[in-house]
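Participant: My file is entry_5.pdb. It has PDB, C-alpha atoms:
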```
ATOM      1  CA  MET A   1     141.438 128.684  95.597
ATOM      2  CA  LYS A   2     141.250 132.004  97.378
ATOM      3  CA  ASN A   3     140.393 132.480 101.046
ATOM      4  CA  LYS A   4     141.212 128.938 102.061
ATOM      5  CA  LYS A   5     140.474 127.971 105.626
ATOM      6  CA  GLN A   6     143.895 127.693 107.218
ATOM      7  CA  PHE A   7     145.009 125.017 109.694
ATOM      8  CA  GLY A   8     148.450 124.036 110.882
ATOM      9  CA  LEU A   9     150.881 122.608 113.404
ATOM     10  CA  ILE A  10     152.903 124.603 115.936
ATOM     11  CA  GLY A  11     156.116 122.939 117.094
ATOM     12  CA  LYS A  12     159.886 122.901 116.913
ATOM     13  CA  ASN A  13     161.891 120.880 114.370
ATOM     14  CA  ILE A  14     158.708 119.428 112.890
ATOM     15  CA  GLU A  15     159.747 118.828 109.302
ATOM     16  CA  TYR A  16     159.222 115.093 109.895
ATOM     17  CA  SER A  17     155.713 115.593 111.318
ATOM     18  CA  PHE A  18     152.840 113.256 110.554
ATOM     19  CA  SER A  19     150.160 115.940 110.916
ATOM     20  CA  ARG A  20     150.587 117.934 107.722
ATOM     21  CA  ARG A  21     150.540 114.859 105.480
ATOM     22  CA  PHE A  22     147.597 113.356 107.360
ATOM     23  CA  PHE A  23     145.413 116.449 107.167
ATOM     24  CA  LEU A  24     146.240 117.329 103.552
ATOM     25  CA  GLU A  25     145.273 113.794 102.505
ATOM     26  CA  LYS A  26     142.101 114.126 104.559
ATOM     27  CA  PHE A  27     141.242 117.494 103.026
ATOM     28  CA  ASN A  28     141.952 116.353  99.464
ATOM     29  CA  SER A  29     139.799 113.239  99.801
ATOM     30  CA  ASN A  30     136.610 114.997 100.896
ATOM     31  CA  ASP A  31     134.763 117.635  98.865
ATOM     32  CA  LYS A  32     133.653 119.541 101.962
ATOM     33  CA  TYR A  33     137.323 120.061 102.928
ATOM     34  CA  LEU A  34     138.640 121.173  99.514
ATOM     35  CA  ASN A  35     138.824 124.768 100.728
ATOM     36  CA  PHE A  36     141.119 123.764 103.625
ATOM     37  CA  SER A  37     144.910 124.014 103.816
ATOM     38  CA  TYR A  38     147.466 122.859 106.426
ATOM     39  CA  ILE A  39     150.887 124.392 107.150
ATOM     40  CA  ASN A  40     153.733 123.583 109.548
ATOM     41  CA  TYR A  41     154.637 126.527 111.792
ATOM     42  CA  ASP A  42     158.123 125.636 112.990
ATOM     43  CA  ILE A  43     158.942 128.211 115.664
ATOM     44  CA  LYS A  44     162.091 128.527 117.764
ATOM     45  CA  SER A  45     160.329 129.872 120.870
ATOM     46  CA  ILE A  46     156.783 130.340 122.158
ATOM     47  CA  GLU A  47     157.193 134.109 121.744
ATOM     48  CA  GLU A  48     156.892 133.590 117.976
ATOM     49  CA  VAL A  49     153.375 132.197 118.284
ATOM     50  CA  ASP A  50     151.833 135.656 117.959
ATOM     51  CA  ASN A  51     153.022 135.744 114.341
ATOM     52  CA  VAL A  52     151.237 132.462 113.733
ATOM     53  CA  PHE A  53     148.016 133.794 115.250
ATOM     54  CA  LYS A  54     148.128 136.717 112.802
ATOM     55  CA  GLN A  55     147.830 134.436 109.759
ATOM     56  CA  LYS A  56     144.769 135.103 107.603
ATOM     57  CA  ASN A  57     141.775 132.745 107.702
ATOM     58  CA  LEU A  58     143.233 130.740 110.576
ATOM     59  CA  CYS A  59     140.624 128.262 111.835
ATOM     60  CA  GLY A  60     142.507 125.659 113.844
ATOM     61  CA  LEU A  61     145.923 124.530 115.031
ATOM     62  CA  ASN A  62     147.614 121.491 116.483
ATOM     63  CA  VAL A  63     150.419 121.892 119.019
ATOM     64  CA  THR A  64     153.330 119.533 119.592
ATOM     65  CA  ILE A  65     156.643 119.327 121.482
ATOM     66  CA  PRO A  66     157.826 121.500 123.165
ATOM     67  CA  TYR A  67     154.857 123.893 123.376
ATOM     68  CA  LYS A  68     151.903 121.880 124.746
ATOM     69  CA  GLU A  69     152.246 123.506 128.162
ATOM     70  CA  LYS A  70     153.646 126.892 127.154
ATOM     71  CA  ILE A  71     150.818 127.548 124.688
ATOM     72  CA  ILE A  72     148.241 127.714 127.491
ATOM     73  CA  ASN A  73     149.183 131.258 128.515
ATOM     74  CA  CYS A  74     148.708 132.397 124.909
ATOM     75  CA  LEU A  75     145.067 131.307 124.717
ATOM     76  CA  ASP A  76     141.803 132.982 125.701
ATOM     77  CA  GLU A  77     140.244 129.846 127.123
ATOM     78  CA  ILE A  78     140.926 126.122 127.592
ATOM     79  CA  SER A  79     138.549 123.212 128.107
ATOM     80  CA  ASP A  80     138.055 121.819 131.600
ATOM     81  CA  GLN A  81     139.804 118.604 130.596
ATOM     82  CA  ALA A  82     142.807 120.424 129.134
ATOM     83  CA  LYS A  83     142.974 122.471 132.328
ATOM     84  CA  GLU A  84     143.030 119.313 134.452
ATOM     85  CA  ILE A  85     145.701 117.744 132.275
ATOM     86  CA  GLY A  86     147.797 120.912 132.054
ATOM     87  CA  ALA A  87     148.533 120.547 128.346
ATOM     88  CA  VAL A  88     146.918 121.634 125.071
ATOM     89  CA  ASN A  89     147.469 120.061 121.655
ATOM     90  CA  THR A  90     144.496 121.450 119.693
ATOM     91  CA  ILE A  91     143.321 125.048 119.235
ATOM     92  CA  CYS A  92     139.988 126.192 117.803
ATOM     93  CA  PHE A  93     139.355 129.770 116.699
ATOM     94  CA  ASP A  94     135.820 130.800 117.607
ATOM     95  CA  ASN A  95     134.915 134.424 116.841
ATOM     96  CA  GLN A  96     138.544 135.462 117.296
ATOM     97  CA  ARG A  97     138.774 133.587 120.591
ATOM     98  CA  LYS A  98     141.574 131.021 120.849
ATOM     99  CA  ILE A  99     140.273 127.955 122.710
ATOM    100  CA  GLY A 100     142.563 125.074 123.710
ATOM    101  CA  TYR A 101     141.705 121.388 123.983
ATOM    102  CA  ASN A 102     143.546 118.146 124.647
ATOM    103  CA  THR A 103     142.802 115.374 122.131
ATOM    104  CA  ASP A 104     145.909 113.372 123.083
ATOM    105  CA  ILE A 105     143.995 111.747 125.939
ATOM    106  CA  PHE A 106     141.423 110.399 123.460
ATOM    107  CA  GLY A 107     144.184 109.157 121.145
ATOM    108  CA  PHE A 108     146.056 107.426 123.955
ATOM    109  CA  SER A 109     142.966 105.751 125.402
ATOM    110  CA  LYS A 110     141.788 104.584 121.971
ATOM    111  CA  SER A 111     145.231 103.163 121.148
ATOM    112  CA  LEU A 112     145.240 101.088 124.331
ATOM    113  CA  GLU A 113     141.755  99.864 123.505
ATOM    114  CA  ILE A 114     142.464  98.660 119.962
ATOM    115  CA  ASN A 115     145.731  97.031 121.062
ATOM    116  CA  GLU A 116     143.834  95.253 123.851
ATOM    117  CA  ILE A 117     146.115  96.641 126.550
ATOM    118  CA  ASN A 118     144.094  96.383 129.736
ATOM    119  CA  ASN A 119     144.367  95.200 133.332
ATOM    120  CA  ILE A 120     147.463  97.380 133.771
ATOM    121  CA  ASP A 121     149.039  97.065 137.224
ATOM    122  CA  SER A 122     151.176 100.222 137.027
ATOM    123  CA  VAL A 123     152.633 102.736 134.589
ATOM    124  CA  LEU A 124     156.142 104.102 134.155
ATOM    125  CA  ILE A 125     155.970 107.474 132.420
ATOM    126  CA  LEU A 126     159.275 108.470 130.838
ATOM    127  CA  GLY A 127     159.567 112.261 130.689
ATOM    128  CA  SER A 128     157.751 115.105 132.426
ATOM    129  CA  GLY A 129     156.463 117.360 129.632
ATOM    130  CA  GLY A 130     153.010 117.883 128.149
ATOM    131  CA  ALA A 131     152.621 114.316 126.882
ATOM    132  CA  ALA A 132     153.557 112.976 130.319
ATOM    133  CA  LYS A 133     150.815 115.100 131.864
ATOM    134  CA  THR A 134     148.292 113.458 129.542
ATOM    135  CA  ILE A 135     149.387 109.963 130.584
ATOM    136  CA  SER A 136     149.337 110.962 134.263
ATOM    137  CA  TYR A 137     145.761 112.179 133.819
ATOM    138  CA  PHE A 138     144.828 108.837 132.248
ATOM    139  CA  CYS A 139     146.335 106.968 135.203
ATOM    140  CA  ILE A 140     144.590 109.117 137.792
ATOM    141  CA  ASN A 141     141.210 108.746 136.084
ATOM    142  CA  ASN A 142     141.610 104.981 135.834
ATOM    143  CA  ASN A 143     143.035 104.501 139.344
ATOM    144  CA  ILE A 144     146.301 103.076 138.023
ATOM    145  CA  PRO A 145     149.473 103.629 140.115
ATOM    146  CA  TYR A 146     152.204 105.431 138.194
ATOM    147  CA  ASN A 147     155.673 106.928 138.445
ATOM    148  CA  ILE A 148     157.090 109.742 136.343
ATOM    149  CA  VAL A 149     160.747 109.125 135.482
ATOM    150  CA  SER A 150     162.821 112.212 134.751
ATOM    151  CA  ARG A 151     166.442 113.220 134.285
ATOM    152  CA  LYS A 152     165.644 115.907 136.853
ATOM    153  CA  PRO A 153     164.201 114.051 139.857
ATOM    154  CA  SER A 154     162.100 115.975 142.378
ATOM    155  CA  ASN A 155     159.366 115.300 144.921
ATOM    156  CA  SER A 156     157.083 114.430 141.995
ATOM    157  CA  TYR A 157     159.518 112.473 139.810
ATOM    158  CA  ILE A 158     161.954 109.612 140.229
ATOM    159  CA  SER A 159     165.311 109.287 138.480
ATOM    160  CA  TYR A 160     166.290 106.678 135.902
ATOM    161  CA  LYS A 161     169.072 105.545 138.236
ATOM    162  CA  SER A 162     166.584 104.798 141.007
ATOM    163  CA  LEU A 163     164.635 102.266 138.929
ATOM    164  CA  ASN A 164     164.854  98.726 140.284
ATOM    165  CA  GLU A 165     163.100  95.330 140.134
ATOM    166  CA  LYS A 166     159.952  96.520 141.921
ATOM    167  CA  HIS A 167     159.177  99.001 139.117
ATOM    168  CA  PHE A 168     158.858  96.181 136.551
ATOM    169  CA  ILE A 169     156.791  93.640 138.502
ATOM    170  CA  LYS A 170     153.536  92.408 136.892
ATOM    171  CA  LYS A 171     151.868  94.168 133.947
ATOM    172  CA  VAL A 172     153.749  97.463 133.787
ATOM    173  CA  LEU A 173     152.992  99.848 130.928
ATOM    174  CA  ILE A 174     156.152 101.787 130.032
ATOM    175  CA  VAL A 175     155.272 104.949 128.096
ATOM    176  CA  ASN A 176     158.003 106.992 126.419
ATOM    177  CA  CYS A 177     156.834 110.618 126.465
ATOM    178  CA  THR A 178     160.224 112.002 125.422
ATOM    179  CA  PRO A 179     161.455 112.633 121.856
ATOM    180  CA  ILE A 180     164.439 110.301 122.465
ATOM    181  CA  GLY A 181     164.790 107.904 119.555
ATOM    182  CA  THR A 182     163.023 110.121 117.018
ATOM    183  CA  PHE A 183     164.540 110.306 113.516
ATOM    184  CA  PRO A 184     167.348 111.143 112.861
ATOM    185  CA  ASP A 185     168.569 110.121 116.352
ATOM    186  CA  ILE A 186     167.438 106.526 115.887
ATOM    187  CA  ASP A 187     170.416 105.076 117.788
ATOM    188  CA  ARG A 188     169.262 106.592 121.077
ATOM    189  CA  CYS A 189     166.822 105.279 123.673
ATOM    190  CA  PRO A 190     165.782 106.129 127.247
ATOM    191  CA  ASP A 191     168.309 105.147 129.913
ATOM    192  CA  LEU A 192     166.359 102.236 131.405
ATOM    193  CA  PRO A 193     167.732  99.131 133.168
ATOM    194  CA  TYR A 194     166.766  96.924 130.208
ATOM    195  CA  ASN A 195     167.870  93.760 131.992
ATOM    196  CA  LEU A 196     164.904  94.237 134.367
ATOM    197  CA  ILE A 197     162.283  94.496 131.617
ATOM    198  CA  ASN A 198     160.281  91.294 131.179
ATOM    199  CA  LYS A 199     157.560  89.743 129.007
ATOM    200  CA  GLU A 200     154.775  90.961 131.324
ATOM    201  CA  ASN A 201     155.725  94.567 130.575
ATOM    202  CA  VAL A 202     154.298  96.566 127.657
ATOM    203  CA  ILE A 203     156.231  99.339 125.904
ATOM    204  CA  PHE A 204     154.261 102.190 124.341
ATOM    205  CA  ASP A 205     156.637 104.577 122.569
ATOM    206  CA  LEU A 206     154.858 107.797 121.603
ATOM    207  CA  VAL A 207     157.568 108.278 118.963
ATOM    208  CA  TYR A 208     156.306 107.187 115.533
ATOM    209  CA  ASN A 209     159.290 107.944 113.297
ATOM    210  CA  PRO A 210     160.914 105.425 112.972
ATOM    211  CA  SER A 211     158.019 102.983 113.254
ATOM    212  CA  GLU A 212     160.180 100.744 115.447
ATOM    213  CA  THR A 213     162.443 102.674 117.799
ATOM    214  CA  LEU A 214     165.497 101.347 119.584
ATOM    215  CA  LEU A 215     163.410 101.306 122.786
ATOM    216  CA  MET A 216     160.880  99.040 121.079
ATOM    217  CA  LYS A 217     163.606  96.774 119.695
ATOM    218  CA  LYS A 218     165.132  96.380 123.140
ATOM    219  CA  GLY A 219     161.691  95.651 124.571
ATOM    220  CA  LYS A 220     161.048  92.952 121.967
ATOM    221  CA  GLU A 221     164.367  91.340 122.851
ATOM    222  CA  ARG A 222     163.031  91.022 126.406
ATOM    223  CA  GLY A 223     159.729  89.522 125.210
ATOM    224  CA  CYS A 224     157.594  92.670 125.544
ATOM    225  CA  LYS A 225     154.578  93.668 123.537
ATOM    226  CA  THR A 226     155.460  97.001 121.883
ATOM    227  CA  ILE A 227     153.492  99.698 120.052
ATOM    228  CA  ASN A 228     154.475 103.058 118.615
ATOM    229  CA  GLY A 229     152.670 106.395 118.597
ATOM    230  CA  HIS A 230     151.220 106.309 115.089
ATOM    231  CA  GLU A 231     147.722 105.162 116.038
ATOM    232  CA  MET A 232     147.543 107.610 118.913
ATOM    233  CA  LEU A 233     148.460 110.419 116.515
ATOM    234  CA  ARG A 234     145.813 109.350 114.027
ATOM    235  CA  PHE A 235     143.082 109.155 116.663
ATOM    236  CA  GLN A 236     143.967 112.510 118.232
ATOM    237  CA  ALA A 237     144.090 114.098 114.762
ATOM    238  CA  GLU A 238     140.623 112.770 113.919
ATOM    239  CA  LYS A 239     139.347 114.238 117.180
ATOM    240  CA  SER A 240     140.980 117.594 116.353
ATOM    241  CA  LEU A 241     139.161 117.663 113.024
ATOM    242  CA  GLU A 242     135.860 116.961 114.806
ATOM    243  CA  LEU A 243     136.441 119.921 117.121
ATOM    244  CA  TRP A 244     137.319 122.242 114.228
ATOM    245  CA  ALA A 245     134.289 121.120 112.242
ATOM    246  CA  GLU A 246     132.044 121.774 115.251
ATOM    247  CA  THR A 247     133.496 125.282 115.628
ATOM    248  CA  PHE A 248     133.026 126.546 112.069
ATOM    249  CA  LYS A 249     129.945 124.618 110.913
TER
END
```
Kindly present the structure from the file in structure tokens form.

Facilitator:
Amino acid sequence: MKNKKQFGLIGKNIEYSFSRRFFLEKFNSNDKYLNFSYINYDIKSIEEVDNVFKQKNLCGLNVTIPYKEKIINCLDEISDQAKEIGAVNTICFDNQRKIGYNTDIFGFSKSLEINEINNIDSVLILGSGGAAKTISYFCINNNIPYNIVSRKPSNSYISYKSLNEKHFIKKVLIVNCTPIGTFPDIDRCPDLPYNLINKENVIFDLVYNPSETLLMKKGKERGCKTINGHEMLRFQAEKSLELWAETFK
């Protein structure tokens, strides 16, 4: 079919990505989307994004690691929420204007809701990239204390080596916002003091391939409830499609 409406994913090393399969199945199952196509745009640096923007009939894009923050300077406008978060994972094209949104926050919140994860005492955010900014925003808006754990500690972050018993007391939600443990590196996991993790803690690994990461396995051994990032991805993708549909209806 000629002149298909084009959508896609911008990222790096995204052959494994959930998005393309999800959206193609969505498009093929609904008559109103039969004129839609979805492509992976695997780029080595953000400078290559201009070539993506030149694609014909481009209507919408998703953005993943490591470009959720870097993409902002390439856009004409971003939503107030995306601005507050400091990360964009969805782009709509409206009369040639590139407008950025963050649907990760919806996906994360919805995932917690359906998994009945509530009454959180504190959050440990592993990593300091775009996904971590989304989780920080969630914590701030829900008045939940949090710490960002990074390999590069600063005034804003703490180091993995500085983690101790106090960081795991009560209902602590541990969110892995790094790609550590993603296929094919399934034998890797964040450098946590696993002996301090306990059954009151909850591990939310944003990695979804494999479905059970080494981090999750280690958490289960300590009695933790664990979930992966698949549901969050599905919810944020549904929200992306809503935004695109609103733009070109």

Participant: Carefully work through the PyMOL selection byres ((chain A and resi 52-58) around 6) for this structure and note down the residues it includes, as JSON, numbers by chain.

Facilitator: {"A": [5, 6, 49, 50, 51, 59]}

Participant: Emit as JSON the padded axis-aligned box for all listed atoms of region 35-51 of chain A, 6 Å per side, with centre and edge lengths in Å to one decimal.

Facilitator:
```
{"center_x": 150.5, "center_y": 129.3, "center_z": 111.4, "size_x": 35.3, "size_y": 24.9, "size_z": 33.4}
```

Participant: For Ile227 (chain A), list every protein, DNA or RNA residue within 12 Å, evaluated using all atoms listed in the file, and leave out those in the same chain fewer than 4 positions away; present the list as a PyMOL selection string.

Facilitator: chain A and resi 108+111-112+114-117+173-176+201-208+210-213+215-217+219-220+231-232

Participant: Mind listing as a PyMOL selection string all residues within 10 Å of (165.7, 111.7, 137.6), counting only C-alpha atoms?

Facilitator: chain A and resi 126-127+148-154+157-163

Participant: Do you have the CA of Cys74 (chain A)-CA of Arg97 (chain A) distance handy?

Facilitator: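 Computed distance, CA of Cys74 (chain A) to CA of Arg97 (chain A), equals 10.9 Å.
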
Participant: When you count all atoms listed in the file, which of these residues is closest to Phe23 (chain A): A:Ser37, A:Gly11, A:Asn89, A:Lys4?

Facilitator: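 That would be A:Ser37, the residue with the smallest distance to Phe23 (chain A).
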
Participant: Run the PyMOL selection byres ((chain A and resi 235) around 8) on the file and write out the hits as a list in words.

Facilitator: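 Those residues are Phe106, Gly107, Lys110, Ser111, Glu231, Met232, Leu233, Arg234, Gln236, Ala237, Glu238 and Lys239 of chain A.
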
Participant: Mind telling me what the PyMOL selection byres ((chain A and resi 15) around 12) catches here, as an MDAnalysis selection string?

Facilitator: chainID A and resid 9:14 16:21 39:43 183:184 209

Participant: Just checking: using only C-alpha atoms, which residue out of A:Arg222, A:Lys70, A:Lys166, A:Lys133 ends up closest to Ile197 (chain A)?

Facilitator: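 When distances to Ile197 (chain A) are compared using only C-alpha atoms, the smallest one comes from A:Arg222.
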
Participant: Please list, as a PDB file with C-alpha atoms, in the coordinates of the input, the residues that have an atom at most 12 Å away from (149.8, 125.9, 125.3) in the coordinates of this file, counting all atoms listed in the file.

Facilitator:
```pdb
ATOM      1  CA  ILE A  10     152.903 124.603 115.936  1.00  0.00           C
ATOM      2  CA  GLY A  11     156.116 122.939 117.094  1.00  0.00           C
ATOM      3  CA  ILE A  46     156.783 130.340 122.158  1.00  0.00           C
ATOM      4  CA  GLU A  47     157.193 134.109 121.744  1.00  0.00           C
ATOM      5  CA  VAL A  49     153.375 132.197 118.284  1.00  0.00           C
ATOM      6  CA  LEU A  61     145.923 124.530 115.031  1.00  0.00           C
ATOM      7  CA  ASN A  62     147.614 121.491 116.483  1.00  0.00           C
ATOM      8  CA  VAL A  63     150.419 121.892 119.019  1.00  0.00           C
ATOM      9  CA  THR A  64     153.330 119.533 119.592  1.00  0.00           C
ATOM     10  CA  ILE A  65     156.643 119.327 121.482  1.00  0.00           C
ATOM     11  CA  PRO A  66     157.826 121.500 123.165  1.00  0.00           C
ATOM     12  CA  TYR A  67     154.857 123.893 123.376  1.00  0.00           C
ATOM     13  CA  LYS A  68     151.903 121.880 124.746  1.00  0.00           C
ATOM     14  CA  GLU A  69     152.246 123.506 128.162  1.00  0.00           C
ATOM     15  CA  LYS A  70     153.646 126.892 127.154  1.00  0.00           C
ATOM     16  CA  ILE A  71     150.818 127.548 124.688  1.00  0.00           C
ATOM     17  CA  ILE A  72     148.241 127.714 127.491  1.00  0.00           C
ATOM     18  CA  ASN A  73     149.183 131.258 128.515  1.00  0.00           C
ATOM     19  CA  CYS A  74     148.708 132.397 124.909  1.00  0.00           C
ATOM     20  CA  LEU A  75     145.067 131.307 124.717  1.00  0.00           C
ATOM     21  CA  ASP A  76     141.803 132.982 125.701  1.00  0.00           C
ATOM     22  CA  GLU A  77     140.244 129.846 127.123  1.00  0.00           C
ATOM     23  CA  ILE A  78     140.926 126.122 127.592  1.00  0.00           C
ATOM     24  CA  SER A  79     138.549 123.212 128.107  1.00  0.00           C
ATOM     25  CA  ALA A  82     142.807 120.424 129.134  1.00  0.00           C
ATOM     26  CA  LYS A  83     142.974 122.471 132.328  1.00  0.00           C
ATOM     27  CA  ILE A  85     145.701 117.744 132.275  1.00  0.00           C
ATOM     28  CA  GLY A  86     147.797 120.912 132.054  1.00  0.00           C
ATOM     29  CA  ALA A  87     148.533 120.547 128.346  1.00  0.00           C
ATOM     30  CA  VAL A  88     146.918 121.634 125.071  1.00  0.00           C
ATOM     31  CA  ASN A  89     147.469 120.061 121.655  1.00  0.00           C
ATOM     32  CA  THR A  90     144.496 121.450 119.693  1.00  0.00           C
ATOM     33  CA  ILE A  91     143.321 125.048 119.235  1.00  0.00           C
ATOM     34  CA  LYS A  98     141.574 131.021 120.849  1.00  0.00           C
ATOM     35  CA  ILE A  99     140.273 127.955 122.710  1.00  0.00           C
ATOM     36  CA  GLY A 100     142.563 125.074 123.710  1.00  0.00           C
ATOM     37  CA  TYR A 101     141.705 121.388 123.983  1.00  0.00           C
ATOM     38  CA  ASN A 102     143.546 118.146 124.647  1.00  0.00           C
ATOM     39  CA  GLY A 129     156.463 117.360 129.632  1.00  0.00           C
ATOM     40  CA  GLY A 130     153.010 117.883 128.149  1.00  0.00           C
TER      41      GLY A 130
END
```

Participant: In terms of the shortest atom-to-atom distance over all atoms listed in the file, which of A:Cys177, A:Phe248, A:Phe168, A:Asn30 is closest to Leu196 (chain A)?

Facilitator: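 Using all atoms listed in the file, Leu196 (chain A) sits closest to A:Phe168.
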
Participant: Find the distance between CA of Tyr194 (chain A) and CA of Lys218 (chain A) and write it in Å to one decimal.

Facilitator: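 Interatomic distance here is 7.3 Å.
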
Participant: Nearest to Gly8 (chain A): which of A:Ser240, A:Lys170, A:Asn198, A:Asn147 is it, counting only C-alpha atoms?

Facilitator: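 Answer, going by the shortest atom-to-atom distance: A:Ser240.
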
Participant: Measure the distance from CA of Gly60 (chain A) to CA of Ile135 (chain A) in Å and round it to one decimal.

Facilitator: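 A separation of 24.0 Å between them.
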
Participant: When distances are computed from only C-alpha atoms, which of A:Val172, A:Cys92, A:Ile105, A:Leu192 shows the smallest separation from Asn118 (chain A)?

Facilitator: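 Closest candidate: A:Val172.
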
Participant: With all heavy atoms as the goal, would you fill in the gaps in region 121-128 of chain A and present it as a tab-separated table (two decimals), in the frame of the given file?

Facilitator:
```
chain	number	residue	atom	x	y	z
A	121	ASP	N	148.76	96.99	135.79
A	121	ASP	CA	149.04	97.06	137.22
A	121	ASP	C	149.67	98.40	137.62
A	121	ASP	O	149.40	98.92	138.70
A	121	ASP	CB	149.96	95.91	137.64
A	121	ASP	CG	149.25	94.57	137.57
A	121	ASP	OD1	148.21	94.41	138.24
A	121	ASP	OD2	149.71	93.68	136.84
A	122	SER	N	150.54	98.93	136.76
A	122	SER	CA	151.18	100.22	137.03
A	122	SER	C	151.75	100.78	135.73
A	122	SER	O	151.88	100.06	134.74
A	122	SER	CB	152.28	100.10	138.08
A	122	SER	OG	153.34	99.29	137.61
A	123	VAL	N	152.10	102.06	135.78
A	123	VAL	CA	152.63	102.74	134.59
A	123	VAL	C	153.92	103.47	134.94
A	123	VAL	O	154.00	104.13	135.98
A	123	VAL	CB	151.61	103.74	134.01
A	123	VAL	CG1	152.19	104.46	132.79
A	123	VAL	CG2	150.31	103.03	133.63
A	124	LEU	N	154.92	103.31	134.08
A	124	LEU	CA	156.14	104.10	134.16
A	124	LEU	C	156.09	105.13	133.03
A	124	LEU	O	156.07	104.76	131.85
A	124	LEU	CB	157.38	103.22	133.97
A	124	LEU	CG	157.98	102.52	135.19
A	124	LEU	CD1	159.23	101.75	134.78
A	124	LEU	CD2	158.31	103.52	136.30
A	125	ILE	N	156.04	106.40	133.40
A	125	ILE	CA	155.97	107.47	132.42
A	125	ILE	C	157.36	108.08	132.27
A	125	ILE	O	157.91	108.64	133.23
A	125	ILE	CB	154.97	108.56	132.87
A	125	ILE	CG1	153.58	107.94	133.08
A	125	ILE	CG2	154.91	109.69	131.86
A	125	ILE	CD1	152.58	108.88	133.74
A	126	LEU	N	157.93	107.95	131.09
A	126	LEU	CA	159.28	108.47	130.84
A	126	LEU	C	159.18	109.89	130.30
A	126	LEU	O	158.65	110.12	129.20
A	126	LEU	CB	160.02	107.57	129.84
A	126	LEU	CG	159.98	106.06	130.12
A	126	LEU	CD1	160.82	105.31	129.09
A	126	LEU	CD2	160.47	105.75	131.54
A	127	GLY	N	159.66	110.86	131.08
A	127	GLY	CA	159.57	112.26	130.69
A	127	GLY	C	158.54	112.99	131.54
A	127	GLY	O	157.68	112.38	132.17
A	128	SER	N	158.63	114.32	131.54
A	128	SER	CA	157.75	115.10	132.43
A	128	SER	C	157.12	116.31	131.73
A	128	SER	O	156.70	117.25	132.38
A	128	SER	CB	158.56	115.58	133.64
A	128	SER	OG	159.72	116.28	133.24
```
